[in-house]
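Asks: Input file: my_file-v7.cif. Contents: mmCIF, C-alpha atoms.
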```cif
data_coords
loop_
_atom_site.group_PDB
_atom_site.id
_atom_site.type_symbol
_atom_site.label_atom_id
_atom_site.label_comp_id
_atom_site.auth_asym_id
_atom_site.auth_seq_id
_atom_site.Cartn_x
_atom_site.Cartn_y
_atom_site.Cartn_z
ATOM 1 C CA MET P 660 -26.256 -6.427 11.372
ATOM 2 C CA VAL P 661 -23.810 -5.726 8.523
ATOM 3 C CA GLY P 662 -22.146 -2.977 10.564
ATOM 4 C CA TRP P 663 -21.685 -5.349 13.477
ATOM 5 C CA LEU P 664 -20.167 -8.014 11.224
ATOM 6 C CA ILE P 665 -17.753 -5.483 9.744
ATOM 7 C CA GLN P 666 -16.747 -4.396 13.229
ATOM 8 C CA ALA P 667 -16.188 -8.029 14.266
ATOM 9 C CA SER P 668 -14.098 -8.568 11.124
ATOM 10 C CA ASP P 669 -12.049 -5.446 11.914
ATOM 11 C CA GLU P 670 -11.290 -6.791 15.392
ATOM 12 C CA ARG P 671 -10.223 -10.174 14.040
ATOM 13 C CA CYS P 672 -8.156 -8.602 11.293
ATOM 14 C CA GLY P 673 -6.425 -6.407 13.862
ATOM 15 C CA LEU P 674 -5.495 -9.536 15.795
ATOM 16 C CA TYR P 675 -4.208 -11.175 12.612
ATOM 17 C CA LEU P 676 -2.005 -8.173 11.784
ATOM 18 C CA GLU P 677 -0.715 -8.116 15.376
ATOM 19 C CA THR P 678 0.103 -11.815 15.050
ATOM 20 C CA LEU P 679 2.333 -11.038 12.081
ATOM 21 C CA ASN P 680 4.381 -8.698 14.261
ATOM 22 C CA GLU P 681 4.299 -11.004 17.301
ATOM 23 C CA THR P 682 5.746 -13.864 15.274
ATOM 24 C CA ASP P 683 8.864 -11.780 14.718
ATOM 25 C CA ARG P 684 9.097 -10.740 18.372
ATOM 26 C CA GLU P 685 8.447 -14.250 19.715
ATOM 27 C CA THR P 686 11.011 -15.791 17.387
ATOM 28 C CA SER P 687 13.613 -13.249 18.486
ATOM 29 C CA VAL P 688 12.812 -13.873 22.160
ATOM 30 C CA PHE P 689 13.077 -17.629 21.602
ATOM 31 C CA PHE P 690 16.506 -17.530 19.927
ATOM 32 C CA ASN P 691 17.917 -14.926 22.322
ATOM 33 C CA GLY P 692 16.562 -16.833 25.345
ATOM 34 C CA LEU P 693 17.975 -20.090 24.016
ATOM 35 C CA ALA P 694 21.382 -18.450 23.513
ATOM 36 C CA THR P 695 21.340 -17.127 27.084
ATOM 37 C CA ILE P 696 20.372 -20.503 28.551
ATOM 38 C CA LEU P 697 22.962 -22.419 26.542
ATOM 39 C CA GLY P 698 25.649 -19.867 27.380
ATOM 40 C CA GLY P 699 24.772 -20.093 31.070
ATOM 41 C CA LEU P 700 24.868 -23.875 30.994
ATOM 42 C CA GLY P 701 28.242 -23.699 29.254
ATOM 43 C CA ALA P 702 29.536 -21.640 32.176
ATOM 44 C CA ILE P 703 28.137 -24.052 34.777
ATOM 45 C CA PHE P 704 29.497 -27.340 33.416
ATOM 46 C CA THR P 705 33.183 -28.164 33.688
ATOM 47 C CA PRO P 706 33.920 -30.898 31.119
ATOM 48 C CA ALA P 707 35.570 -29.208 28.159
ATOM 49 C CA THR P 708 33.572 -31.062 25.518
ATOM 50 C CA THR P 709 30.274 -30.137 27.201
ATOM 51 C CA VAL P 710 31.330 -26.496 27.600
ATOM 52 C CA ARG P 711 32.401 -26.292 23.945
ATOM 53 C CA ALA P 712 29.181 -27.903 22.722
ATOM 54 C CA LEU P 713 26.977 -25.623 24.833
ATOM 55 C CA SER P 714 28.966 -22.495 23.977
ATOM 56 C CA GLY P 715 28.905 -23.369 20.288
ATOM 57 C CA ALA P 716 25.159 -23.966 20.398
ATOM 58 C CA ALA P 717 24.689 -20.661 22.231
ATOM 59 C CA GLY P 718 26.658 -18.850 19.546
ATOM 60 C CA ILE P 719 24.682 -20.516 16.777
ATOM 61 C CA SER P 720 21.394 -19.698 18.488
ATOM 62 C CA ALA P 721 22.406 -16.052 18.989
ATOM 63 C CA GLY P 722 23.500 -15.823 15.369
ATOM 64 C CA VAL P 723 20.284 -17.324 14.042
ATOM 65 C CA GLY P 724 18.227 -15.047 16.287
ATOM 66 C CA GLY P 725 20.179 -11.994 15.167
ATOM 67 C CA ASN P 726 19.868 -12.906 11.518
ATOM 68 C CA TRP P 727 16.147 -13.511 11.953
ATOM 69 C CA SER P 728 15.603 -10.144 13.640
ATOM 70 C CA ASN P 729 17.751 -8.189 11.218
ATOM 71 C CA SER P 730 16.474 -9.826 8.080
ATOM 72 C CA ALA P 731 15.536 -7.102 5.608
ATOM 73 C CA PHE P 732 12.948 -9.425 4.169
ATOM 74 C CA LEU P 733 11.281 -10.049 7.510
ATOM 75 C CA ALA P 734 11.370 -6.396 8.511
ATOM 76 C CA GLN P 735 9.655 -5.378 5.273
ATOM 77 C CA SER P 736 7.357 -8.369 4.890
ATOM 78 C CA GLN P 737 4.992 -7.413 7.692
ATOM 79 C CA GLN P 738 4.473 -3.950 6.206
ATOM 80 C CA ALA P 739 4.294 -5.383 2.694
ATOM 81 C CA ILE P 740 1.476 -7.643 3.847
ATOM 82 C CA ALA P 741 -0.365 -5.221 6.138
ATOM 83 C CA LYS P 742 -0.492 -2.241 3.772
ATOM 84 C CA PRO P 743 -2.315 -3.946 0.877
ATOM 85 C CA ILE P 744 -4.645 -5.682 3.346
ATOM 86 C CA ARG P 745 -5.625 -2.313 4.824
ATOM 87 C CA SER P 746 -5.989 -0.766 1.372
ATOM 88 C CA ARG P 747 -8.219 -3.529 0.010
ATOM 89 C CA ARG P 748 -10.353 -3.584 3.149
ATOM 90 C CA ALA P 749 -10.823 0.194 3.034
ATOM 91 C CA THR P 750 -12.062 -0.043 -0.561
ATOM 92 C CA ILE P 751 -14.473 -2.871 0.210
ATOM 93 C CA ARG P 752 -15.628 -1.225 3.464
ATOM 94 C CA ASP P 753 -16.449 1.987 1.570
ATOM 95 C CA GLU P 754 -18.427 -0.020 -0.999
ATOM 96 C CA VAL P 755 -20.363 -1.832 1.721
ATOM 97 C CA ARG P 756 -21.039 1.300 3.767
ATOM 98 C CA GLY P 757 -22.255 2.996 0.599
ATOM 99 C CA ARG P 758 -25.011 0.374 0.451
ATOM 100 C CA PHE P 759 -26.206 0.842 4.057
ATOM 101 C CA GLY P 760 -29.192 2.936 2.963
ATOM 102 C CA ASP P 761 -30.270 0.594 0.177
ATOM 103 C CA GLU P 762 -33.642 -1.097 0.332
ATOM 104 C CA VAL P 763 -33.723 -4.813 1.025
ATOM 105 C CA THR P 764 -34.862 -5.435 -2.556
ATOM 106 C CA ALA P 765 -31.797 -3.606 -3.914
ATOM 107 C CA TRP P 766 -29.364 -5.213 -1.444
ATOM 108 C CA PRO P 767 -30.791 -8.522 -0.200
ATOM 109 C CA LEU P 768 -29.378 -10.204 2.857
ATOM 110 C CA SER P 769 -27.561 -12.790 0.722
ATOM 111 C CA SER P 770 -25.711 -10.010 -1.157
ATOM 112 C CA ALA P 771 -24.937 -8.177 2.085
ATOM 113 C CA ALA P 772 -23.568 -11.377 3.617
ATOM 114 C CA SER P 773 -21.482 -11.992 0.510
ATOM 115 C CA ASP P 774 -20.070 -8.453 0.686
ATOM 116 C CA VAL P 775 -19.181 -8.898 4.364
ATOM 117 C CA GLN P 776 -17.544 -12.253 3.608
ATOM 118 C CA ARG P 777 -15.498 -10.659 0.816
ATOM 119 C CA TYR P 778 -14.463 -7.930 3.265
ATOM 120 C CA HIS P 779 -13.489 -10.474 5.904
ATOM 121 C CA ASP P 780 -11.584 -12.662 3.419
ATOM 122 C CA SER P 781 -9.478 -9.701 2.348
ATOM 123 C CA CYS P 782 -7.601 -9.853 5.680
ATOM 124 C CA SER P 783 -5.288 -12.661 4.633
ATOM 125 C CA LEU P 784 -2.163 -13.376 2.652
ATOM 126 C CA PRO P 785 -4.218 -14.164 -0.470
ATOM 127 C CA GLY P 786 -6.097 -10.880 0.076
ATOM 128 C CA ALA P 787 -2.797 -8.987 0.308
ATOM 129 C CA PHE P 788 -1.461 -10.651 -2.837
ATOM 130 C CA ALA P 789 -4.714 -9.931 -4.691
ATOM 131 C CA GLU P 790 -4.433 -6.233 -3.810
ATOM 132 C CA ILE P 791 -0.787 -6.153 -4.880
ATOM 133 C CA THR P 792 -1.693 -7.825 -8.187
ATOM 134 C CA ASP P 793 -4.556 -5.379 -8.747
ATOM 135 C CA ALA P 794 -2.286 -2.437 -7.948
ATOM 136 C CA LEU P 795 0.283 -3.635 -10.468
ATOM 137 C CA GLN P 796 -2.390 -3.868 -13.153
ATOM 138 C CA ARG P 797 -3.829 -0.386 -12.524
ATOM 139 C CA PRO P 798 -2.665 2.295 -14.918
ATOM 140 C CA SER P 799 0.196 4.238 -13.476
ATOM 141 C CA VAL P 800 -0.196 7.877 -12.610
ATOM 142 C CA THR P 801 1.509 10.203 -15.046
ATOM 143 C CA VAL P 802 3.907 12.534 -13.333
ATOM 144 C CA ARG P 803 3.997 16.005 -14.785
ATOM 145 C CA THR P 804 7.393 17.654 -14.806
ATOM 146 C CA PRO P 805 7.801 21.412 -14.283
ATOM 147 C CA LEU P 806 8.461 21.708 -18.029
ATOM 148 C CA ASP P 807 5.157 19.937 -18.792
ATOM 149 C CA ILE P 808 3.322 22.305 -16.468
ATOM 150 C CA THR P 809 4.958 25.340 -18.057
ATOM 151 C CA ARG P 810 4.036 24.150 -21.555
ATOM 152 C CA SER P 811 0.463 23.535 -20.485
ATOM 153 C CA ARG P 812 0.167 26.994 -18.940
ATOM 154 C CA THR P 813 1.701 28.571 -22.041
ATOM 155 C CA ARG P 814 -0.893 26.811 -24.232
ATOM 156 C CA GLU P 815 -3.715 27.909 -21.910
ATOM 157 C CA ALA P 816 -2.479 31.509 -21.950
ATOM 158 C CA ALA P 817 -2.222 31.462 -25.757
ATOM 159 C CA ALA P 818 -5.747 30.047 -26.016
ATOM 160 C CA LEU P 819 -7.118 32.794 -23.763
ATOM 161 C CA ARG P 820 -5.240 35.500 -25.662
ATOM 162 C CA PHE P 821 -6.462 34.060 -28.998
ATOM 163 C CA GLN P 822 -10.043 34.103 -27.696
ATOM 164 C CA ARG P 823 -9.705 37.669 -26.408
ATOM 165 C CA GLU P 824 -7.778 39.226 -29.321
ATOM 166 C CA CYS P 825 -8.802 37.155 -32.325
ATOM 167 C CA VAL P 826 -12.391 36.133 -31.615
ATOM 168 C CA ALA P 827 -14.038 38.411 -29.045
ATOM 169 C CA ALA P 828 -12.453 41.739 -29.968
ATOM 170 C CA ALA P 829 -14.528 44.130 -32.085
ATOM 171 C CA ASN P 830 -11.766 44.539 -34.666
ATOM 172 C CA ALA P 831 -10.625 40.901 -34.546
ATOM 173 C CA ASP P 832 -8.920 39.448 -37.597
ATOM 174 C CA PRO P 833 -8.494 35.670 -37.074
ATOM 175 C CA SER P 834 -6.578 35.419 -40.348
ATOM 176 C CA SER P 835 -3.812 37.779 -39.200
ATOM 177 C CA ALA P 836 -0.320 36.371 -38.669
ATOM 178 C CA CYS P 837 -0.496 37.151 -34.933
ATOM 179 C CA CYS P 838 -3.795 35.256 -34.516
ATOM 180 C CA LYS P 839 -2.513 32.318 -36.552
ATOM 181 C CA ALA P 840 0.575 32.119 -34.333
ATOM 182 C CA LEU P 841 -1.551 32.290 -31.147
ATOM 183 C CA LYS P 842 -3.870 29.569 -32.445
ATOM 184 C CA GLU P 843 -0.920 27.355 -33.347
ATOM 185 C CA GLU P 844 0.619 27.873 -29.908
ATOM 186 C CA ALA P 845 -2.721 27.137 -28.178
ATOM 187 C CA ASN P 846 -3.098 23.894 -30.131
ATOM 188 C CA ALA P 847 0.525 22.773 -29.637
ATOM 189 C CA THR P 848 0.846 19.345 -28.089
ATOM 190 C CA GLY P 849 4.504 18.760 -28.339
ATOM 191 C CA GLY P 850 7.604 19.014 -26.433
ATOM 192 C CA GLY P 851 9.984 21.355 -27.968
#
```
Could you quickly redo this structure as structure tokens?
Replies:
Amino acid sequence: MVGWLIQASDERCGLYLETLNETDRETSVFFNGLATILGGLGAIFTPATTVRALSGAAGISAGVGGNWSNSAFLAQSQQAIAKPIRSRRATIRDEVRGRFGDEVTAWPLSSAASDVQRYHDSCSLPGAFAEITDALQRPSVTVRTPLDITRSRTREAAALRFQRECVAAANADPSSACCKALKEEANATGGG
């Protein structure tokens, strides 16, 4: 039953996400169609004031339609809404599917229904904003530069060499200057 409800939610969410894109297309068609009709009517009528009014309205309609279609905000808003919706739903879907094998006592019907409702509710503007908020609060991933990687490898190599030459070797002398330098290099944390 839970699988069927998730599938039904996926279908409805797909329609919702399509509606976001259709709104843009339908608005563009409306303004462009209106501009064409008004321009055509301006060509048909002969009184100058009527022609000017219709031609002006056609120009305004074409301009509004063009601005609507080319709006950077609108072009990015659909993706900015759809991506976090998909991300949040994938996380919740994985959680729910992970419970499919649970016994009824561990995952009662009321909890399953609540999980499905949470999954379904995530396909919305509030769901998208919640995912964006959560993403902003997650710790950022630390990017390691090539220099960081080189330093790390140098420390690892020094630690291995220290182990081999200063601890495991039969004639090892951990108090020698060479071993002290290797140990210091292996324990280095810094950047210089």
Asks: May I ask which of the residues P:Ala845, P:Asp753, P:Pro706, P:Ala765 is the closest one to Arg810 (chain P), counting all atoms listed in the file?
Replies: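 Using all atoms listed in the file, the shortest distance to Arg810 (chain P) belongs to P:Ala845.
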Asks: What does the PyMOL selection byres ((chain P and resi 662-675) around 7) select in this file, as a ChimeraX atom specification?
Replies: /P:660-661,676-679,775,779,782
Asks: In Å, rounded to a single decimal, give me how far CA of Glu754 (chain P) is from CA of Glu790 (chain P).
Replies: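 A separation of 15.6 Å between them.
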Asks: One decimal, Å: what's the distance from CA of Ala741 (chain P) over to CA of Arg797 (chain P), could you say?
Replies: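 So the answer is 19.6 Å.
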Asks: What is the CA of Arg812 (chain P) to CA of Asn830 (chain P) distance in Å?
Replies: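 Atom-to-atom, CA of Arg812 (chain P) to CA of Asn830 (chain P), that is 26.4 Å.
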Asks: Near Cys838 (chain P), within 12 Å and counting all atoms listed in the file, which residues show up once chain neighbours fewer than 2 positions away are dropped, as number ranges by chain?
Replies: P: 817-826, 828, 831-836, 840-845
Asks: Identify which of the residues P:Thr792, P:Arg711, P:Ser773, P:Thr764 lies closest to Ile751 (chain P), counting all atoms listed in the file when measuring atom-to-atom distances.
Replies: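 So, comparing all the options, the nearest one is P:Ser773.
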